[in-house]
>>> print(open('final.txt').read())   # compact mmCIF, C-alpha atoms and all ligand atoms
# COMPACT_ATOMS: atom_id res chain seq x y z
CA MET M 1 9.47 -4.68 0.82
CA ASN M 2 9.79 -1.02 1.83
CA TYR M 3 13.49 -0.31 1.34
CA VAL M 4 14.86 -2.93 -1.05
CA PHE M 5 13.86 -3.17 -4.72
CA GLY M 6 14.89 -4.94 -7.91
CA PRO M 7 17.14 -6.43 -9.11
CA VAL M 8 17.16 -3.56 -11.62
CA PRO M 9 19.31 -3.89 -14.75
CA SER M 10 22.01 -1.28 -14.80
CA ARG M 11 24.28 -0.33 -17.66
CA ARG M 12 27.30 -0.23 -15.41
CA LEU M 13 26.46 -2.57 -12.52
CA GLY M 14 24.76 -5.53 -14.18
CA ARG M 15 21.83 -6.80 -12.10
CA SER M 16 21.71 -4.43 -9.20
CA LEU M 17 19.67 -4.95 -6.02
CA GLY M 18 18.59 -1.46 -4.92
CA VAL M 19 18.47 -0.14 -1.37
CA ASP M 20 16.54 3.08 -0.81
CA PRO M 21 17.91 4.79 2.34
CA THR M 22 15.52 7.73 2.11
CA ALA M 23 12.23 5.85 1.68
CA ARG M 24 9.41 7.77 3.37
CA PRO M 25 5.71 7.05 3.73
CA GLY M 26 3.91 8.72 0.82
CA GLY M 27 6.95 8.35 -1.41
CA HIS M 28 8.05 12.03 -1.26
CA LYS M 29 11.68 12.43 -2.16
CA ALA M 30 14.19 13.61 0.43
CA CYS M 31 16.86 15.76 -1.17
CA ASN M 32 18.92 18.92 -0.75
CA TRP M 33 18.95 19.59 -4.50
CA ASN M 34 16.09 20.15 -6.96
CA CYS M 35 17.64 19.18 -10.29
CA VAL M 36 15.88 20.23 -13.48
CA TYR M 37 16.21 16.67 -14.77
CA CYS M 38 15.04 14.84 -11.63
CA GLN M 39 12.77 11.91 -12.48
CA LEU M 40 11.14 11.96 -9.02
CA GLY M 41 9.29 15.29 -9.29
CA HIS M 42 10.08 18.59 -7.54
CA THR M 43 11.83 18.58 -4.16
CA ARG M 44 9.01 19.94 -1.99
CA HIS M 45 11.26 20.65 0.96
CA LEU M 46 15.01 21.15 0.43
CA MET M 47 16.75 19.39 3.31
CA THR M 48 19.57 21.23 5.10
CA GLY M 49 21.23 18.33 6.92
CA ARG M 50 21.19 14.63 7.63
CA GLU M 51 18.32 12.90 9.43
CA ARG M 52 17.25 9.56 10.85
CA PHE M 53 14.66 7.97 8.55
CA PHE M 54 14.11 4.51 10.08
CA PRO M 55 16.12 1.98 12.09
CA PRO M 56 18.97 0.68 9.87
CA GLU M 57 18.19 -2.90 10.95
CA ALA M 58 14.94 -2.69 8.95
CA VAL M 59 16.97 -2.38 5.72
CA LEU M 60 19.37 -5.15 6.66
CA ASP M 61 16.50 -7.56 7.46
CA GLU M 62 14.86 -6.87 4.09
CA LEU M 63 18.15 -7.19 2.26
CA GLN M 64 18.84 -10.56 3.81
CA SER M 65 15.47 -11.89 2.57
CA ALA M 66 15.93 -10.33 -0.89
CA LEU M 67 19.37 -11.91 -1.29
CA LYS M 68 17.97 -15.28 -0.30
CA GLU M 69 15.14 -14.96 -2.85
CA SER M 70 17.44 -13.75 -5.63
CA GLN M 71 19.37 -17.05 -5.49
CA GLY M 72 22.60 -15.54 -6.73
CA GLY M 73 21.06 -13.40 -9.51
CA VAL M 74 22.58 -10.16 -8.22
CA ASP M 75 25.85 -8.50 -9.31
CA TRP M 76 25.90 -5.38 -7.12
CA ILE M 77 24.03 -3.90 -4.17
CA THR M 78 23.34 -0.26 -4.93
CA PHE M 79 22.27 2.45 -2.51
CA VAL M 80 20.03 4.73 -4.55
CA GLY M 81 16.40 5.64 -4.58
CA SER M 82 13.83 8.25 -3.70
CA GLY M 83 16.23 11.07 -2.86
CA GLU M 84 19.81 11.64 -1.75
CA PRO M 85 21.10 8.53 0.11
CA THR M 86 23.75 10.31 2.19
CA LEU M 87 21.09 12.42 3.91
CA ASN M 88 20.27 9.32 5.97
CA ILE M 89 22.41 9.67 9.09
CA ASP M 90 22.52 5.87 9.47
CA LEU M 91 24.01 5.25 6.01
CA GLY M 92 27.38 4.25 7.52
CA ALA M 93 25.74 1.63 9.77
CA MET M 94 23.80 0.24 6.79
CA LEU M 95 26.89 0.06 4.57
CA ARG M 96 28.91 -1.70 7.25
CA GLY M 97 25.99 -4.08 7.88
CA VAL M 98 25.77 -4.97 4.17
CA LYS M 99 29.51 -5.55 3.91
CA ALA M 100 29.30 -7.91 6.91
CA MET M 101 26.36 -9.78 5.32
CA THR M 102 27.63 -10.43 1.78
CA SER M 103 30.74 -10.40 -0.36
CA LEU M 104 28.83 -8.71 -3.22
CA PRO M 105 30.26 -5.32 -4.22
CA VAL M 106 28.39 -2.25 -2.95
CA ALA M 107 27.85 1.00 -4.88
CA VAL M 108 26.43 4.33 -3.72
CA ILE M 109 24.83 6.70 -6.23
CA THR M 110 24.84 10.15 -4.65
CA ASN M 111 24.64 13.79 -5.69
CA GLY M 112 27.93 14.17 -3.79
CA SER M 113 26.84 17.33 -1.97
CA THR M 114 27.55 15.95 1.52
CA LEU M 115 31.10 14.84 0.70
CA CYS M 116 32.08 18.18 2.23
CA PHE M 117 31.45 16.47 5.61
CA PRO M 118 34.38 14.30 6.82
CA GLU M 119 31.99 11.82 8.47
CA VAL M 120 30.21 11.16 5.15
CA ARG M 121 33.53 10.57 3.39
CA GLU M 122 34.46 8.13 6.14
CA GLU M 123 31.14 6.25 5.89
CA LEU M 124 31.42 5.92 2.11
CA SER M 125 34.99 4.62 2.33
CA VAL M 126 33.70 1.01 2.72
CA ALA M 127 31.78 1.13 -0.61
CA ASP M 128 33.37 -0.47 -3.67
CA ALA M 129 32.18 2.27 -6.02
CA VAL M 130 30.83 5.76 -5.36
CA MET M 131 29.08 7.63 -8.17
CA PRO M 132 28.62 11.34 -7.38
CA THR M 133 27.17 13.97 -9.70
CA LEU M 134 29.11 16.77 -11.37
CA ASP M 135 27.07 18.45 -14.10
CA ALA M 136 28.77 21.84 -14.20
CA GLY M 137 32.21 23.41 -14.41
CA ASP M 138 31.07 26.71 -12.90
CA GLU M 139 28.72 28.01 -10.22
CA ARG M 140 26.17 29.60 -12.55
CA THR M 141 25.58 26.39 -14.48
CA PHE M 142 25.49 24.40 -11.23
CA LEU M 143 22.82 26.67 -9.74
CA ARG M 144 20.80 26.56 -12.97
CA ILE M 145 20.85 22.76 -13.29
CA ASN M 146 21.03 21.40 -9.75
CA ARG M 147 19.19 24.17 -7.79
CA PRO M 148 20.68 23.20 -4.39
CA GLN M 149 19.65 24.22 -0.90
CA HIS M 150 21.76 27.38 -0.39
CA LEU M 151 24.18 25.83 2.15
CA TYR M 152 25.42 23.47 -0.56
CA SER M 153 27.41 25.84 -2.74
CA TYR M 154 29.38 24.91 -5.85
CA LYS M 155 32.68 25.50 -4.04
CA ARG M 156 31.70 23.14 -1.21
CA HIS M 157 30.61 20.57 -3.77
CA VAL M 158 33.90 20.61 -5.68
CA ASP M 159 35.97 20.77 -2.46
CA GLY M 160 34.07 17.74 -1.11
CA LEU M 161 34.66 15.74 -4.30
CA THR M 162 38.36 16.66 -4.29
CA ALA M 163 38.82 15.69 -0.62
CA PHE M 164 36.98 12.41 -1.20
CA ARG M 165 39.18 11.55 -4.18
CA ARG M 166 42.28 12.10 -2.03
CA GLU M 167 41.01 9.75 0.71
CA TYR M 168 38.95 7.12 -1.14
CA LYS M 169 40.57 3.89 -2.38
CA GLY M 170 37.55 2.49 -4.30
CA LYS M 171 36.21 3.38 -7.75
CA LEU M 172 35.18 7.01 -8.08
CA TRP M 173 32.90 7.31 -11.09
CA LEU M 174 31.51 10.82 -11.55
CA GLU M 175 28.23 11.17 -13.43
CA THR M 176 27.51 14.09 -15.74
CA MET M 177 23.98 14.56 -17.03
CA MET M 178 24.26 15.97 -20.55
CA ILE M 179 21.46 18.47 -21.16
CA ALA M 180 20.94 20.21 -24.49
CA GLY M 181 21.73 23.93 -24.31
CA GLN M 182 22.78 23.80 -20.64
CA ASN M 183 26.18 22.13 -20.31
CA ASP M 184 26.95 20.70 -23.74
CA ASP M 185 28.56 23.68 -25.50
CA GLU M 186 32.33 23.92 -25.94
CA GLU M 187 32.87 26.59 -23.27
CA SER M 188 30.86 24.76 -20.60
CA LEU M 189 32.66 21.51 -21.36
CA GLU M 190 36.10 23.18 -21.20
CA ARG M 191 35.22 24.57 -17.75
CA LEU M 192 34.00 21.15 -16.64
CA ALA M 193 37.19 19.52 -17.96
CA ALA M 194 39.32 21.91 -15.89
CA VAL M 195 37.44 20.96 -12.69
CA LEU M 196 37.51 17.25 -13.54
CA GLY M 197 41.24 17.43 -14.17
CA ALA M 198 41.73 18.74 -10.62
CA ILE M 199 39.45 16.13 -9.02
CA ALA M 200 40.91 13.20 -11.01
CA PRO M 201 38.08 10.62 -10.82
CA ASP M 202 38.65 7.11 -12.19
CA GLU M 203 36.00 7.67 -14.84
CA VAL M 204 33.31 10.12 -15.91
CA HIS M 205 30.04 8.57 -17.00
CA LEU M 206 27.96 10.67 -19.37
CA VAL M 207 24.27 10.14 -18.70
CA LEU M 208 21.18 11.39 -20.53
CA PRO M 209 17.78 12.49 -19.23
CA THR M 210 15.98 9.63 -20.96
CA ARG M 211 13.30 9.24 -18.27
CA PRO M 212 10.71 12.03 -17.92
CA PRO M 213 12.47 14.97 -16.22
CA VAL M 214 10.64 17.27 -13.81
CA GLU M 215 11.13 20.27 -16.14
CA THR M 216 9.55 19.50 -19.49
CA TRP M 217 12.03 21.73 -21.36
CA VAL M 218 14.94 19.44 -20.41
CA THR M 219 16.15 17.40 -23.38
CA PRO M 220 19.21 15.20 -23.84
CA THR M 221 22.19 16.49 -25.75
CA ASP M 222 22.43 15.23 -29.33
CA ALA M 223 25.08 13.06 -30.98
CA ASP M 224 27.27 16.14 -31.60
CA GLY M 225 27.06 17.11 -27.92
CA LEU M 226 28.13 13.62 -26.87
CA LEU M 227 31.05 13.67 -29.29
CA ARG M 228 32.07 17.11 -28.02
CA ALA M 229 31.92 15.91 -24.40
CA GLN M 230 33.94 12.80 -25.17
CA ALA M 231 36.55 14.84 -27.00
CA ILE M 232 36.94 17.62 -24.41
CA LEU M 233 36.46 15.67 -21.15
CA GLY M 234 38.43 12.74 -22.58
CA ARG M 235 41.56 14.89 -22.47
CA VAL M 236 41.54 14.76 -18.65
CA THR M 237 39.81 11.49 -17.70
CA LYS M 238 38.30 8.28 -19.03
CA VAL M 239 34.84 9.05 -20.43
CA VAL M 240 32.12 6.39 -20.55
CA HIS M 241 29.53 6.96 -23.25
CA PRO M 242 25.87 6.38 -22.33
CA ASP M 243 24.84 2.96 -23.53
CA ALA M 244 21.20 2.50 -24.37
CA ALA M 245 21.25 -1.25 -23.72
CA TYR M 246 19.09 -1.94 -20.69
CA GLY M 247 18.18 -5.44 -19.61
CA ASP M 248 14.93 -6.42 -17.93
CA PHE M 249 13.50 -4.99 -14.72
CA SER M 250 12.43 -7.22 -11.89
CA LEU M 251 9.45 -6.04 -9.89
CA GLY M 252 10.79 -7.60 -6.70
CA ALA M 253 9.23 -10.08 -4.32
CA ASP M 254 5.72 -8.68 -3.75
CA THR M 255 3.03 -11.28 -4.18
CA ASP M 256 0.65 -8.91 -5.98
CA PRO M 257 1.66 -7.51 -9.41
CA PHE M 258 -0.22 -4.26 -8.74
CA GLU M 259 1.73 -3.60 -5.51
CA ALA M 260 5.02 -4.75 -7.08
CA ALA M 261 4.62 -2.35 -10.01
CA ALA M 262 3.36 0.57 -7.87
CA LYS M 263 6.32 0.32 -5.47
CA THR M 264 8.88 0.03 -8.25
CA LEU M 265 7.41 3.02 -10.13
CA ALA M 266 7.50 5.17 -6.99
CA ARG M 267 11.31 4.98 -7.19
CA HIS M 268 11.98 4.34 -10.83
CA PRO M 269 9.85 5.56 -13.76
CA MET M 270 9.70 3.00 -16.54
CA SER M 271 8.80 3.09 -20.20
CA ASP M 272 5.53 1.37 -21.12
CA GLU M 273 7.58 -1.28 -22.89
CA GLU M 274 9.84 -1.95 -19.88
CA LEU M 275 6.89 -2.14 -17.51
CA ARG M 276 4.95 -4.57 -19.70
CA ARG M 277 8.03 -6.76 -20.09
CA ALA M 278 8.63 -6.72 -16.31
CA LEU M 279 4.98 -7.64 -15.64
CA ASN M 280 5.25 -10.53 -18.09
CA LEU M 281 8.46 -11.76 -16.45
CA TRP M 282 6.81 -11.40 -13.05
CA GLY M 283 4.08 -13.72 -14.30
CA ALA M 284 1.13 -11.31 -14.35
CA ALA M 285 -1.63 -12.88 -16.45
CA ASP M 286 -2.74 -9.63 -18.05
CA ALA M 287 -0.45 -6.56 -18.09
CA ASP M 288 -3.27 -4.33 -19.45
CA THR M 289 -5.48 -5.02 -16.43
CA VAL M 290 -2.63 -4.15 -14.02
CA LEU M 291 -1.83 -0.93 -15.92
CA GLN M 292 -5.48 0.15 -15.97
CA ALA M 293 -5.77 -0.52 -12.22
CA LEU M 294 -2.60 1.51 -11.55
CA ALA M 295 -3.95 4.47 -13.54
CA LYS M 296 -7.36 4.30 -11.86
CA SER M 297 -5.91 4.13 -8.36
CA GLY M 298 -3.69 7.20 -8.87
CA ARG M 299 -0.60 5.23 -7.77
CA ALA M 300 0.88 5.59 -11.24
CA HIS M 301 0.37 7.87 -14.23
CA GLU M 302 1.04 7.65 -17.92
CA ILE M 303 3.02 10.43 -19.56
CA ARG M 304 4.46 10.95 -23.08
CA ARG M 305 8.01 12.28 -23.55
CA TYR M 306 10.43 12.09 -26.50
CA GLY M 307 7.73 10.26 -28.46
CA LYS M 308 7.59 7.44 -25.89
CA VAL M 309 5.06 6.47 -23.22
CA PHE M 310 6.38 6.29 -19.63
CA TRP M 311 4.82 5.31 -16.31
CA LEU M 312 5.57 7.42 -13.23
CA GLY M 313 4.74 6.94 -9.58
CA SER M 314 3.59 10.55 -9.15
CA LEU M 315 2.60 13.49 -11.34
CA PRO M 316 4.47 16.82 -11.37
CA GLU M 317 2.67 19.44 -9.26
CA THR M 318 0.55 21.86 -11.30
CA ASP M 319 -0.84 25.32 -10.70
CA ALA M 320 -4.50 26.29 -11.05
CA LYS M 321 -4.17 26.37 -14.85
CA GLY M 322 -2.65 22.91 -14.98
CA ARG M 323 0.87 24.11 -15.75
CA GLU M 324 3.81 22.41 -14.07
CA THR M 325 5.05 24.61 -11.23
CA GLU M 326 8.29 25.45 -9.42
CA GLN M 327 8.23 24.71 -5.70
S1 LIG M 401 18.25 14.05 -9.42
FE1 LIG M 401 18.98 13.26 -7.44
S2 LIG M 401 20.06 15.01 -6.57
FE2 LIG M 401 18.81 15.83 -8.18
S3 LIG M 401 16.89 16.44 -7.17
FE3 LIG M 401 16.58 14.35 -7.92
S4 LIG M 401 17.11 13.06 -6.21
FE4 LIG M 401 17.98 15.08 -5.77
>>> encode(input="final.txt", output="structure tokens", more="lines below")
Ligand code: SF4
Amino acid sequence: MNYVFGPVPSRRLGRSLGVDPTARPGGHKACNWNCVYCQLGHTRHLMTGRERFFPPEAVLDELQSALKESQGGVDWITFVGSGEPTLNIDLGAMLRGVKAMTSLPVAVITNGSTLCFPEVREELSVADAVMPTLDAGDERTFLRINRPQHLYSYKRHVDGLTAFRREYKGKLWLETMMIAGQNDDEESLERLAAVLGAIAPDEVHLVLPTRPPVETWVTPTDADGLLRAQAILGRVTKVVHPDAAYGDFSLGADTDPFEAAAKTLARHPMSDEELRRALNLWGAADADTVLQALAKSGRAHEIRRYGKVFWLGSLPETDAKGRETEQ
């Protein structure tokens, strides 16, 4: 499978079958932001507008097979993956195709930057839940955390979210990544609360950079930061606390455990523990052999963050001295 993966356990969406609308050969992410916490590496080329990636029918064909194989073990279909989903100009056709194929609810996880375009808001209107990002209550913090292509200013971002909220009838769940020392102090949270109050989402989901972020200095806020965020943002909207309880990953329908793991890791870094459990569930005879083969082939790499071992589909770029670099 090239575009469909999982089911992946999700804290909010149960067992979610993923659709990657920006899958590209080589696995490079397609995005118009370059967030400091991105788990997919640096954005090598910041996109300015929407593009055609592949014929939308290719996704729908794969999805049909995946749904058949899952035999009812799916709760949501989620558009998410190796970049920003709304940059695919055929997203609307794919969403309509999925809604015609199944009665399962459909979610779109997006950075929200293209909601400034009326056609994107219209396309997303058929989704049951849309989960855009809002990490900052002011332009300076936004530029520091999200590092967007310059056409996608903070004002356009907030205006797009506000317009979408006015028009959209489904669940609007904003996501805020809580980063220590960046957006978790009282002043930053008060500014964010003021913007959230004006947008009026159904919920705000606090999320933490628990998978290896592209910038090694990025760390999750602590328990105090989470309490502060709940207290301040909770005055204007319902706040959902990050819940550490993940279920088990499925490596999808590939017939070879090496391929199944390599393709899943290209989109979704996993802890060593999660990956071993997924390989066992998949039925791989010897997880160690698969992991060694992945490391040797260069299709996955081991990395240690927050005292835990993770597996990634690609390494951060480094300069001549081996330091991680900006693009
Ligand atoms: S976290 Fe999402 S929006 Fe940010 S750079 Fe990565 S893919 Fe793009």
>>> closest_residue(input="final.txt", among="M:Leu13, M:Val158, M:Val59, M:Ala107", to="Ala194 in chain M", atoms="all atoms listed in the file")
M:Val158
>>> closest_residue(input="final.txt", among="M:Arg12, M:Val290, M:Asp138, M:Gln182", to="Trp217 in chain M", atoms="all atoms listed in the file")
M:Gln182
>>> closest_atom_pairs(input="final.txt", of="chain M", to="ligand LIG 401 (chain M)", cutoff="6 Å", atoms="all atoms listed in the file", output="JSON lines")
{"residue": "M:Cys31", "atom": "CA", "partner": "M:LIG401", "partner_atom": "FE4", "distance": 4.8}
{"residue": "M:Trp33", "atom": "CA", "partner": "M:LIG401", "partner_atom": "S3", "distance": 4.6}
{"residue": "M:Asn34", "atom": "CA", "partner": "M:LIG401", "partner_atom": "S3", "distance": 3.8}
{"residue": "M:Cys35", "atom": "CA", "partner": "M:LIG401", "partner_atom": "FE2", "distance": 4.1}
{"residue": "M:Cys38", "atom": "CA", "partner": "M:LIG401", "partner_atom": "S1", "distance": 4.0}
{"residue": "M:Gly83", "atom": "CA", "partner": "M:LIG401", "partner_atom": "S4", "distance": 4.0}
{"residue": "M:Glu84", "atom": "CA", "partner": "M:LIG401", "partner_atom": "S4", "distance": 5.4}
{"residue": "M:Asn111", "atom": "CA", "partner": "M:LIG401", "partner_atom": "S2", "distance": 4.8}
>>> closest_residue(input="final.txt", among="M:Pro105, M:Gly197, M:Pro7, M:Pro212", to="Gly170 in chain M", atoms="all atoms listed in the file")
M:Pro105
>>> atom_distance(input="final.txt", atom1="CA of Glu187 in chain M", atom2="CA of Thr133 in chain M")
19.4 Å
>>> closest_residue(input="final.txt", among="M:Pro9, M:Pro118, M:Gly234, M:Gly225", to="Ile77 in chain M", atoms="all atoms listed in the file")
M:Pro9
>>> residues_near_point(input="final.txt", point="(12.4, 20.2, 1.5)", cutoff="10 Å", atoms="only C-alpha atoms", output="PDB file with C-alpha atoms, keeping the file's coordinate frame")
ATOM      1  CA  HIS M  28       8.050  12.030  -1.260  1.00  0.00           C
ATOM      2  CA  LYS M  29      11.680  12.430  -2.160  1.00  0.00           C
ATOM      3  CA  ALA M  30      14.190  13.610   0.430  1.00  0.00           C
ATOM      4  CA  CYS M  31      16.860  15.760  -1.170  1.00  0.00           C
ATOM      5  CA  ASN M  32      18.920  18.920  -0.750  1.00  0.00           C
ATOM      6  CA  TRP M  33      18.950  19.590  -4.500  1.00  0.00           C
ATOM      7  CA  ASN M  34      16.090  20.150  -6.960  1.00  0.00           C
ATOM      8  CA  HIS M  42      10.080  18.590  -7.540  1.00  0.00           C
ATOM      9  CA  THR M  43      11.830  18.580  -4.160  1.00  0.00           C
ATOM     10  CA  ARG M  44       9.010  19.940  -1.990  1.00  0.00           C
ATOM     11  CA  HIS M  45      11.260  20.650   0.960  1.00  0.00           C
ATOM     12  CA  LEU M  46      15.010  21.150   0.430  1.00  0.00           C
ATOM     13  CA  MET M  47      16.750  19.390   3.310  1.00  0.00           C
ATOM     14  CA  THR M  48      19.570  21.230   5.100  1.00  0.00           C
ATOM     15  CA  GLN M 149      19.650  24.220  -0.900  1.00  0.00           C
ATOM     16  CA  GLN M 327       8.230  24.710  -5.700  1.00  0.00           C
TER      17      GLN M 327
END
>>> closest_residue(input="final.txt", among="M:Lys169, M:Arg299, M:Lys99, M:Lys155", to="Arg140 in chain M", atoms="all atoms listed in the file")
M:Lys155
>>> residues_around(input="final.txt", residues="range 51-54 of chain M", least_positions_apart="6", cutoff="9 Å", atoms="only C-alpha atoms", output="MDAnalysis selection string")
chainID M and resid 21:24 87:90
>>> residues_near_point(input="final.txt", point="(-1.4, 7.8, -12.6)", cutoff="9 Å", atoms="only C-alpha atoms", output="PyMOL selection string")
chain M and resi 294-303+311-315
>>> write_last_selection(input="final.txt", atoms="C-alpha atoms", output="JSON list (two decimals), keeping the file's coordinate frame")
[["chain", "number", "residue", "atom", "x", "y", "z"],
["M", 294, "LEU", "CA", -2.60, 1.51, -11.55],
["M", 295, "ALA", "CA", -3.95, 4.47, -13.54],
["M", 296, "LYS", "CA", -7.36, 4.30, -11.86],
["M", 297, "SER", "CA", -5.91, 4.13, -8.36],
["M", 298, "GLY", "CA", -3.69, 7.20, -8.87],
["M", 299, "ARG", "CA", -0.60, 5.23, -7.77],
["M", 300, "ALA", "CA", 0.88, 5.59, -11.24],
["M", 301, "HIS", "CA", 0.37, 7.87, -14.23],
["M", 302, "GLU", "CA", 1.04, 7.65, -17.92],
["M", 303, "ILE", "CA", 3.02, 10.43, -19.56],
["M", 311, "TRP", "CA", 4.82, 5.31, -16.31],
["M", 312, "LEU", "CA", 5.57, 7.42, -13.23],
["M", 313, "GLY", "CA", 4.74, 6.94, -9.58],
["M", 314, "SER", "CA", 3.59, 10.55, -9.15],
["M", 315, "LEU", "CA", 2.60, 13.49, -11.34]]
>>> closest_atom_pairs(input="final.txt", of="range 92-115 of chain M", to="range 16-19 of chain M", cutoff="12 Å", atoms="only C-alpha atoms", output="JSON lines")
{"residue": "M:Met94", "atom": "CA", "partner": "M:Val19", "partner_atom": "CA", "distance": 9.8}
{"residue": "M:Leu95", "atom": "CA", "partner": "M:Val19", "partner_atom": "CA", "distance": 10.3}
{"residue": "M:Val98", "atom": "CA", "partner": "M:Val19", "partner_atom": "CA", "distance": 10.4}
{"residue": "M:Leu104", "atom": "CA", "partner": "M:Ser16", "partner_atom": "CA", "distance": 10.2}
{"residue": "M:Pro105", "atom": "CA", "partner": "M:Ser16", "partner_atom": "CA", "distance": 9.9}
{"residue": "M:Val106", "atom": "CA", "partner": "M:Ser16", "partner_atom": "CA", "distance": 9.4}
{"residue": "M:Ala107", "atom": "CA", "partner": "M:Ser16", "partner_atom": "CA", "distance": 9.3}
{"residue": "M:Val108", "atom": "CA", "partner": "M:Val19", "partner_atom": "CA", "distance": 9.4}
{"residue": "M:Ile109", "atom": "CA", "partner": "M:Gly18", "partner_atom": "CA", "distance": 10.4}
>>> decode(input="final.txt", residues="range 5-18 of chain M", atoms="N, CA, C and O atoms", output="compact mmCIF listing (two decimals), in the first residue's frame")
# COMPACT_ATOMS: atom_id res chain seq x y z
N PHE M 5 -2.48 3.43 5.46
CA PHE M 5 -1.67 2.74 6.47
C PHE M 5 -2.49 2.52 7.76
O PHE M 5 -3.49 3.17 7.98
N GLY M 6 -2.03 1.60 8.56
CA GLY M 6 -2.71 1.31 9.82
C GLY M 6 -3.62 0.11 9.72
O GLY M 6 -3.39 -0.74 8.85
N PRO M 7 -4.63 -0.03 10.59
CA PRO M 7 -5.07 0.97 11.57
C PRO M 7 -4.00 1.31 12.62
O PRO M 7 -3.25 0.46 13.05
N VAL M 8 -3.99 2.60 12.97
CA VAL M 8 -3.09 3.14 13.99
C VAL M 8 -3.95 3.50 15.20
O VAL M 8 -4.99 4.13 15.03
N PRO M 9 -3.55 3.11 16.41
CA PRO M 9 -4.35 3.51 17.57
C PRO M 9 -4.21 5.00 17.83
O PRO M 9 -3.10 5.54 17.77
N SER M 10 -5.31 5.63 18.08
CA SER M 10 -5.28 7.07 18.30
C SER M 10 -5.99 7.36 19.61
O SER M 10 -7.01 6.73 19.91
N ARG M 11 -5.46 8.33 20.35
CA ARG M 11 -6.06 8.63 21.64
C ARG M 11 -7.49 9.11 21.47
O ARG M 11 -8.35 8.86 22.28
N ARG M 12 -7.72 9.85 20.38
CA ARG M 12 -9.04 10.47 20.24
C ARG M 12 -9.95 9.73 19.28
O ARG M 12 -11.16 9.84 19.34
N LEU M 13 -9.35 8.97 18.32
CA LEU M 13 -10.15 8.41 17.24
C LEU M 13 -10.21 6.88 17.27
O LEU M 13 -10.62 6.27 16.29
N GLY M 14 -9.81 6.28 18.36
CA GLY M 14 -9.85 4.81 18.42
C GLY M 14 -8.90 4.20 17.41
O GLY M 14 -7.78 4.68 17.23
N ARG M 15 -9.37 3.15 16.68
CA ARG M 15 -8.50 2.54 15.66
C ARG M 15 -8.74 3.28 14.35
O ARG M 15 -9.81 3.20 13.75
N SER M 16 -7.71 3.98 13.94
CA SER M 16 -7.87 4.91 12.82
C SER M 16 -7.08 4.41 11.60
O SER M 16 -5.88 4.13 11.70
N LEU M 17 -7.79 4.27 10.48
CA LEU M 17 -7.13 3.86 9.23
C LEU M 17 -6.63 5.15 8.56
O LEU M 17 -7.42 6.05 8.28
N GLY M 18 -5.32 5.24 8.36
CA GLY M 18 -4.72 6.49 7.87
C GLY M 18 -4.68 6.57 6.36
O GLY M 18 -4.43 5.58 5.68
